[in-house]
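Structure first, commentary second.
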Amino acid sequence: MTDRVLMPAPPTDSFERKIDYLRLSVTDRCNLRCTYCMPEDGLPKLDHRDILRYEEFLTLAEIVTGMGISKIRITGGEPLVRKNILTLCKNISQLPGLKSLSITTNGVLLSQFAQGLLETGIKRINISLDTLKREKFAALTRQDLFPQVWEGIQTAFTAGLSPIKLNTVVLRGTNDDEIEDLARLTFRYPFHVRFIEFMPFQQRDYDRQFVPAAEILQRLKRVAPLARSDKDESNGPALYYRYESAPGRIGIISPVSGHFCPACNRLRITADGKLRTCLFSRDETDLRQALRQGASQDRIEEIIRFAITLKPEKHELNSHIFRKCISRPMFSIGG
Ligand code: SAM
Ligand code: SF4
């Protein structure tokens, strides 16, 4: 990763938001089946031919970094199940203009990949962790793999990946009783423990399970006095807090009840090469088709720039109409 090369300023959308961050989903496959994300048997998988090849991901990453988009996060599905993922990470990390390459993982394979990730140039890692209890983990993810995930987190920490952000989706009646215990991890480790409001991709029982950020905050305050902390340098949507004397930080991300959109700096590319400018919009731009029809890099850049001008000002998550429509689930968009 280099910032020695003089790169253009990142593009801005029609609402003056600077777009400098891409989330690249490298697969729709996953080794877990989190109840809130995937049905037990998974969903019909994308055809192998429809998923972008590494050269295609790399071309897209080269185009966006050339446009001034300087932060890329690798995600999925579960990115560590994609074969030769470290090669792709290494190649992306060497693109001129890239300032930060990071990854989001469920941690199952992390003890085996942590060192390799670090060697590709990745430092920042987000790990999903919804519970500290093995049985609950097994019920929530439909796989009894909590010990592997915990070991993965420890390996990542020892290897020196940093910051380590643990992401918890809060679900009423499932893990809301663990908010305090998860938050207490920040006294023991310099982790960022971030609580995320459940988002309505799958409608079943959504309203009962949703816990608003204000309630999460109330529970966090029961642990110890909580002070606001500086924004994380990734400039993401989390509001940060910390307990006095704790080395770690607490984050709250409120896509549903909060003001998520005015600071949105991101684009997403799905594993099948669709560009999405808003997590919650159904609009997609087919970059795979452009790539495979031989469009030049300049033409693809034009297509991306045009899509950025159409990035919606805000999501319609709370509208009745949105709730009734089926959007791609998170594993397919790339969370
Ligand atoms: N498999 C990796 C993982 O779990 O970290 C990366 C992909 S996963 C789709 C990315 C993130 O999306 C995870 O932290 C997951 O908890 C979150 N997620 C999935 N469905 C969600 C939902 N309905 N509401 C909020 N977050 C969700
Ligand atoms: Fe897999 Fe991540 Fe979805 Fe869980 S949240 S099923 S780990 S993609």
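Labeling convention for the structure tokens: chains A, B, ... as they appear, residues from 1 per chain, ligands from 1 in order of appearance.
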
Using only C-alpha atoms and all ligand atoms, find each residue of chain A with at least one atom at most 10 Å away from an atom of ligand 2; report its shortest atom-to-atom pair and that distance in Å (one decimal), sort the rows by chain and rising residue number, and return the result as a tab-separated table.
residue	atom	partner	partner_atom_place_in_ligand_line	distance
A:Thr27	CA	ligand 2	8 (S)	9.3
A:Asp28	CA	ligand 2	8 (S)	7.5
A:Arg29	CA	ligand 2	8 (S)	7.4
A:Cys30	CA	ligand 2	1 (Fe)	4.7
A:Asn31	CA	ligand 2	1 (Fe)	6.3
A:Leu32	CA	ligand 2	1 (Fe)	4.8
A:Arg33	CA	ligand 2	6 (S)	4.1
A:Cys34	CA	ligand 2	6 (S)	4.1
A:Thr35	CA	ligand 2	6 (S)	7.2
A:Tyr36	CA	ligand 2	5 (S)	7.5
A:Cys37	CA	ligand 2	3 (Fe)	4.6
A:Met38	CA	ligand 2	6 (S)	5.2
A:Pro39	CA	ligand 2	6 (S)	8.4
A:Glu40	CA	ligand 2	6 (S)	9.3
A:Gly42	CA	ligand 2	6 (S)	8.5
A:Thr75	CA	ligand 2	8 (S)	8.5
A:Gly76	CA	ligand 2	8 (S)	6.0
A:Gly77	CA	ligand 2	8 (S)	3.9
A:Glu78	CA	ligand 2	8 (S)	5.3
A:Pro79	CA	ligand 2	8 (S)	8.6
A:Thr104	CA	ligand 2	2 (Fe)	8.5
A:Thr105	CA	ligand 2	2 (Fe)	6.9
A:Asn106	CA	ligand 2	7 (S)	4.8
A:Gly107	CA	ligand 2	7 (S)	8.3
A:Val108	CA	ligand 2	7 (S)	8.6
A:Ile127	CA	ligand 2	2 (Fe)	9.3
A:Ser128	CA	ligand 2	2 (Fe)	7.2
A:Leu129	CA	ligand 2	7 (S)	9.3
A:Asp130	CA	ligand 2	5 (S)	9.7
A:Leu140	CA	ligand 2	4 (Fe)	8.8
A:Thr141	CA	ligand 2	4 (Fe)	6.4
A:Arg142	CA	ligand 2	6 (S)	9.2
A:Val169	CA	ligand 2	5 (S)	9.1
A:Pro329	CA	ligand 2	3 (Fe)	8.5
A:Met330	CA	ligand 2	3 (Fe)	6.5
A:Phe331	CA	ligand 2	8 (S)	4.2
A:Ser332	CA	ligand 2	8 (S)	7.8
A:Ile333	CA	ligand 2	8 (S)	9.5
A:Gly334	CA	ligand 2	8 (S)	7.7
A:Gly335	CA	ligand 2	8 (S)	7.6

Go ahead and write the selection's residues with N, CA and C atoms as a CSV table (one decimal), in the first residue's frame.
chain,number,residue,atom,x,y,z
A,27,THR,N,-17.2,-13.5,-2.6
A,27,THR,CA,-17.9,-14.8,-2.7
A,27,THR,C,-19.3,-14.7,-2.1
A,28,ASP,N,-20.3,-15.5,-2.5
A,28,ASP,CA,-21.6,-15.5,-1.8
A,28,ASP,C,-21.6,-16.8,-0.9
A,29,ARG,N,-20.6,-17.5,-0.9
A,29,ARG,CA,-20.6,-18.8,-0.1
A,29,ARG,C,-20.2,-18.5,1.4
A,30,CYS,N,-20.6,-19.4,2.2
A,30,CYS,CA,-20.2,-19.2,3.6
A,30,CYS,C,-20.2,-20.5,4.4
A,31,ASN,N,-19.3,-20.6,5.4
A,31,ASN,CA,-19.2,-21.8,6.2
A,31,ASN,C,-20.1,-21.7,7.5
A,32,LEU,N,-20.8,-20.6,7.6
A,32,LEU,CA,-21.8,-20.5,8.7
A,32,LEU,C,-23.2,-20.3,8.0
A,33,ARG,N,-24.2,-20.4,8.9
A,33,ARG,CA,-25.6,-20.1,8.4
A,33,ARG,C,-26.3,-19.3,9.4
A,34,CYS,N,-25.8,-18.1,9.7
A,34,CYS,CA,-26.4,-17.3,10.7
A,34,CYS,C,-27.9,-17.1,10.4
A,35,THR,N,-28.7,-17.3,11.5
A,35,THR,CA,-30.1,-17.4,11.2
A,35,THR,C,-30.7,-16.1,10.7
A,36,TYR,N,-30.0,-14.9,11.0
A,36,TYR,CA,-30.5,-13.6,10.5
A,36,TYR,C,-30.0,-13.3,9.1
A,37,CYS,N,-29.1,-14.1,8.6
A,37,CYS,CA,-28.5,-13.8,7.3
A,37,CYS,C,-28.8,-14.8,6.2
A,38,MET,N,-28.9,-16.1,6.6
A,38,MET,CA,-29.0,-17.1,5.6
A,38,MET,C,-30.0,-18.2,6.0
A,39,PRO,N,-30.8,-18.7,5.1
A,39,PRO,CA,-31.6,-19.9,5.5
A,39,PRO,C,-30.7,-21.1,5.7
A,40,GLU,N,-31.2,-22.1,6.5
A,40,GLU,CA,-30.4,-23.2,6.9
A,40,GLU,C,-29.7,-23.9,5.7
A,42,GLY,N,-28.9,-22.5,3.0
A,42,GLY,CA,-28.3,-21.5,2.1
A,42,GLY,C,-29.4,-21.1,1.1
A,75,THR,N,-15.0,-8.6,1.6
A,75,THR,CA,-16.0,-9.2,2.4
A,75,THR,C,-16.7,-10.3,1.6
A,76,GLY,N,-17.9,-10.8,2.1
A,76,GLY,CA,-18.6,-11.9,1.4
A,76,GLY,C,-20.0,-11.8,1.8
A,77,GLY,N,-20.6,-13.0,1.8
A,77,GLY,CA,-20.3,-14.3,2.1
A,77,GLY,C,-19.1,-14.3,3.1
A,78,GLU,N,-18.4,-15.4,3.1
A,78,GLU,CA,-17.2,-15.5,4.0
A,78,GLU,C,-16.0,-15.5,3.1
A,79,PRO,N,-15.3,-14.4,3.1
A,79,PRO,CA,-14.2,-14.2,2.2
A,79,PRO,C,-13.1,-15.3,2.3
A,104,THR,N,-13.5,-8.3,6.4
A,104,THR,CA,-14.5,-8.7,7.3
A,104,THR,C,-14.7,-10.2,7.3
A,105,THR,N,-14.7,-10.9,8.4
A,105,THR,CA,-14.7,-12.3,8.4
A,105,THR,C,-15.5,-12.8,9.6
A,106,ASN,N,-16.0,-14.0,9.5
A,106,ASN,CA,-16.7,-14.6,10.6
A,106,ASN,C,-15.7,-15.3,11.6
A,107,GLY,N,-14.5,-15.3,11.2
A,107,GLY,CA,-13.4,-15.8,12.1
A,107,GLY,C,-13.2,-17.3,12.1
A,108,VAL,N,-14.0,-18.1,11.5
A,108,VAL,CA,-13.9,-19.5,11.6
A,108,VAL,C,-12.5,-20.0,11.1
A,127,ILE,N,-14.4,-8.8,12.8
A,127,ILE,CA,-14.7,-10.2,13.0
A,127,ILE,C,-16.1,-10.2,13.6
A,128,SER,N,-17.0,-11.0,13.0
A,128,SER,CA,-18.4,-11.0,13.6
A,128,SER,C,-18.4,-11.9,14.8
A,129,LEU,N,-19.0,-11.4,15.9
A,129,LEU,CA,-19.1,-12.2,17.1
A,129,LEU,C,-20.4,-11.8,17.8
A,130,ASP,N,-21.4,-12.6,17.7
A,130,ASP,CA,-22.7,-12.2,18.2
A,130,ASP,C,-22.9,-12.8,19.6
A,140,LEU,N,-27.2,-20.0,16.8
A,140,LEU,CA,-27.3,-18.8,16.0
A,140,LEU,C,-26.7,-18.9,14.6
A,141,THR,N,-25.6,-19.7,14.5
A,141,THR,CA,-24.9,-19.9,13.2
A,141,THR,C,-25.1,-21.2,12.6
A,142,ARG,N,-25.8,-22.1,13.3
A,142,ARG,CA,-26.1,-23.5,12.9
A,142,ARG,C,-24.8,-24.3,12.8
A,169,VAL,N,-24.4,-8.2,15.9
A,169,VAL,CA,-25.7,-7.8,15.6
A,169,VAL,C,-26.6,-8.1,16.8
A,329,PRO,N,-30.2,-10.6,0.4
A,329,PRO,CA,-29.7,-10.6,1.8
A,329,PRO,C,-28.3,-10.2,1.9
A,330,MET,N,-27.9,-10.0,3.1
A,330,MET,CA,-26.6,-9.4,3.3
A,330,MET,C,-25.4,-10.2,2.8
A,331,PHE,N,-25.5,-11.5,2.9
A,331,PHE,CA,-24.3,-12.4,2.4
A,331,PHE,C,-24.2,-12.2,0.9
A,332,SER,N,-25.2,-11.9,0.3
A,332,SER,CA,-25.2,-11.8,-1.2
A,332,SER,C,-24.7,-10.4,-1.6
A,333,ILE,N,-25.0,-9.4,-0.8
A,333,ILE,CA,-24.6,-8.0,-1.2
A,333,ILE,C,-23.1,-7.8,-0.8
A,334,GLY,N,-22.8,-8.4,0.4
A,334,GLY,CA,-21.4,-8.1,0.9
A,334,GLY,C,-21.6,-7.1,2.0
A,335,GLY,N,-21.6,-7.6,3.3
A,335,GLY,CA,-21.9,-6.8,4.4
A,335,GLY,C,-20.7,-5.9,4.8

Looking only at the backbone, which of the residues in range 165-275 of chain A does DSSP tag as strand (DSSP E), as a VMD selection string? chain A and resid 165 to 170 192 to 197 226 to 228 239 to 243 249 to 253 266 to 269 274 to 275

If you count only C-alpha atoms, which residues fall within 8 Å of Arg268 in chain A, apart from same-chain ones fewer than 5 positions away, as a PyMOL selection string? chain A and resi 22-25+275-279+333-334

Suppose we keep C-alpha atoms; can you now write the selection as a compact mmCIF listing (two decimals), in the first residue's frame?
# COMPACT_ATOMS: atom_id res chain seq x y z
CA LEU A 22 -15.28 0.20 -1.60
CA ARG A 23 -16.53 -3.04 -0.11
CA LEU A 24 -15.68 -5.88 -2.42
CA SER A 25 -17.60 -9.11 -1.92
CA LEU A 275 -22.12 -2.21 -8.29
CA ARG A 276 -24.40 -0.99 -5.51
CA THR A 277 -24.19 2.57 -4.28
CA CYS A 278 -26.58 1.99 -1.37
CA LEU A 279 -26.85 -1.10 0.80
CA ILE A 333 -24.58 -8.01 -1.17
CA GLY A 334 -21.42 -8.13 0.91

Applying 8 Å and only C-alpha atoms, which residues near range 233-248 of chain A remain after dropping the ones on its own chain fewer than 6 positions away? List them as a ChimeraX atom specification. /A:185-194,224-227,254,260,263-265

The selected residues should be written to file as a CSV table (one decimal), in the first residue's frame (atoms: C-alpha atoms).
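New file part-v1.csv:
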chain,number,residue,atom,x,y,z
A,185,LEU,CA,-14.1,-7.4,26.5
A,186,THR,CA,-12.8,-3.8,26.0
A,187,PHE,CA,-11.4,-3.8,29.5
A,188,ARG,CA,-9.3,-6.9,28.6
A,189,TYR,CA,-8.4,-6.2,25.0
A,190,PRO,CA,-7.8,-3.1,22.8
A,191,PHE,CA,-10.6,-4.3,20.6
A,192,HIS,CA,-13.4,-2.2,19.2
A,193,VAL,CA,-16.6,-3.9,20.2
A,194,ARG,CA,-19.3,-2.6,17.9
A,224,ALA,CA,-19.5,1.7,33.8
A,225,PRO,CA,-19.6,5.3,32.9
A,226,LEU,CA,-19.3,5.7,29.2
A,227,ALA,CA,-17.6,8.6,27.5
A,254,SER,CA,-27.6,2.5,13.9
A,260,PHE,CA,-26.4,6.6,8.9
A,263,ALA,CA,-21.8,10.3,6.3
A,264,CYS,CA,-22.0,7.4,3.8
A,265,ASN,CA,-18.7,7.2,1.9

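In this comparison, which uses only C-alpha atoms and all ligand atoms, the residue of A:Ile19, A:Ile304, A:Ile74, A:Ala159 approaching ligand 1 most closely is A:Ile74.
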
Selected residue, from A:Ala307, A:Met199, A:Ala61, A:Leu267, that lies nearest to Pro255 in chain A when counting only C-alpha atoms: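 Between A:Ala307, A:Met199, A:Ala61, A:Leu267, the residue approaching Pro255 in chain A most closely is A:Met199.
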
Excluding Gln112 in chain A and its own-chain neighbours fewer than 6 positions away, which residues fall within 12 Å of it when counting only C-alpha atoms? Please give them as a list in words.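 Near neighbours after the sequence-gap exclusion: Leu80, Val81, Leu86, Leu118, Gln148, Val149, Glu151, Gly152, Ile153, Gln154, Thr155, Ala156 and Ala159 of chain A.
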
Nearest to Arg172 in chain A by atom-to-atom distance, counting only C-alpha atoms, from A:Ala139, A:Leu145, A:Phe210, A:Arg49: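 Nearest to Arg172 in chain A: A:Phe210.
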
Considering only C-alpha atoms, can you say which of A:Ser229, A:Arg222, A:Ile252, A:Thr65 comes closest to Glu197 in chain A? A:Ile252

Any idea what's packed within 10 Å of Lys314 in chain A, counting only C-alpha atoms, ignoring anything in its chain fewer than 2 positions away? Could you give it as a VMD selection string? chain A and resid 259 to 262 264 278 280 to 281 311 to 312 316 to 317

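Each of A:Ser257, A:Thr59, A:Asn167, A:Ser102 was compared to ligand 1 using only C-alpha atoms and all ligand atoms, and A:Asn167 turns out to be the nearest.
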
Shortest contact to ligand 1, candidates A:Arg299, A:Arg73, A:His315, A:His48, atoms counted only C-alpha atoms and all ligand atoms, goes to A:Arg73

Could you state the separation of atom 25 (C, counted along the ligand's line) of ligand 1 and CA of Ile196 in chain A in Å, given to one decimal place? 6.1 Å

Please return as a list of chain:residue names: the residues of range 200-236 of chain A that backbone DSSP assigns to alpha helix (DSSP H).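 Put together, the selection reads A:Tyr206, A:Asp207, A:Arg208, A:Gln209, A:Ala213, A:Ala214, A:Glu215, A:Ile216, A:Leu217, A:Gln218, A:Arg219, A:Leu220, A:Lys221.
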
Do you have the CA of Ala138 in chain A-CA of Asn175 in chain A distance handy? 12.7 Å

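The space between atom 23 (N, counted along the ligand's line) of ligand 1 and CA of Asp205 in chain A spans 11.7 Å.
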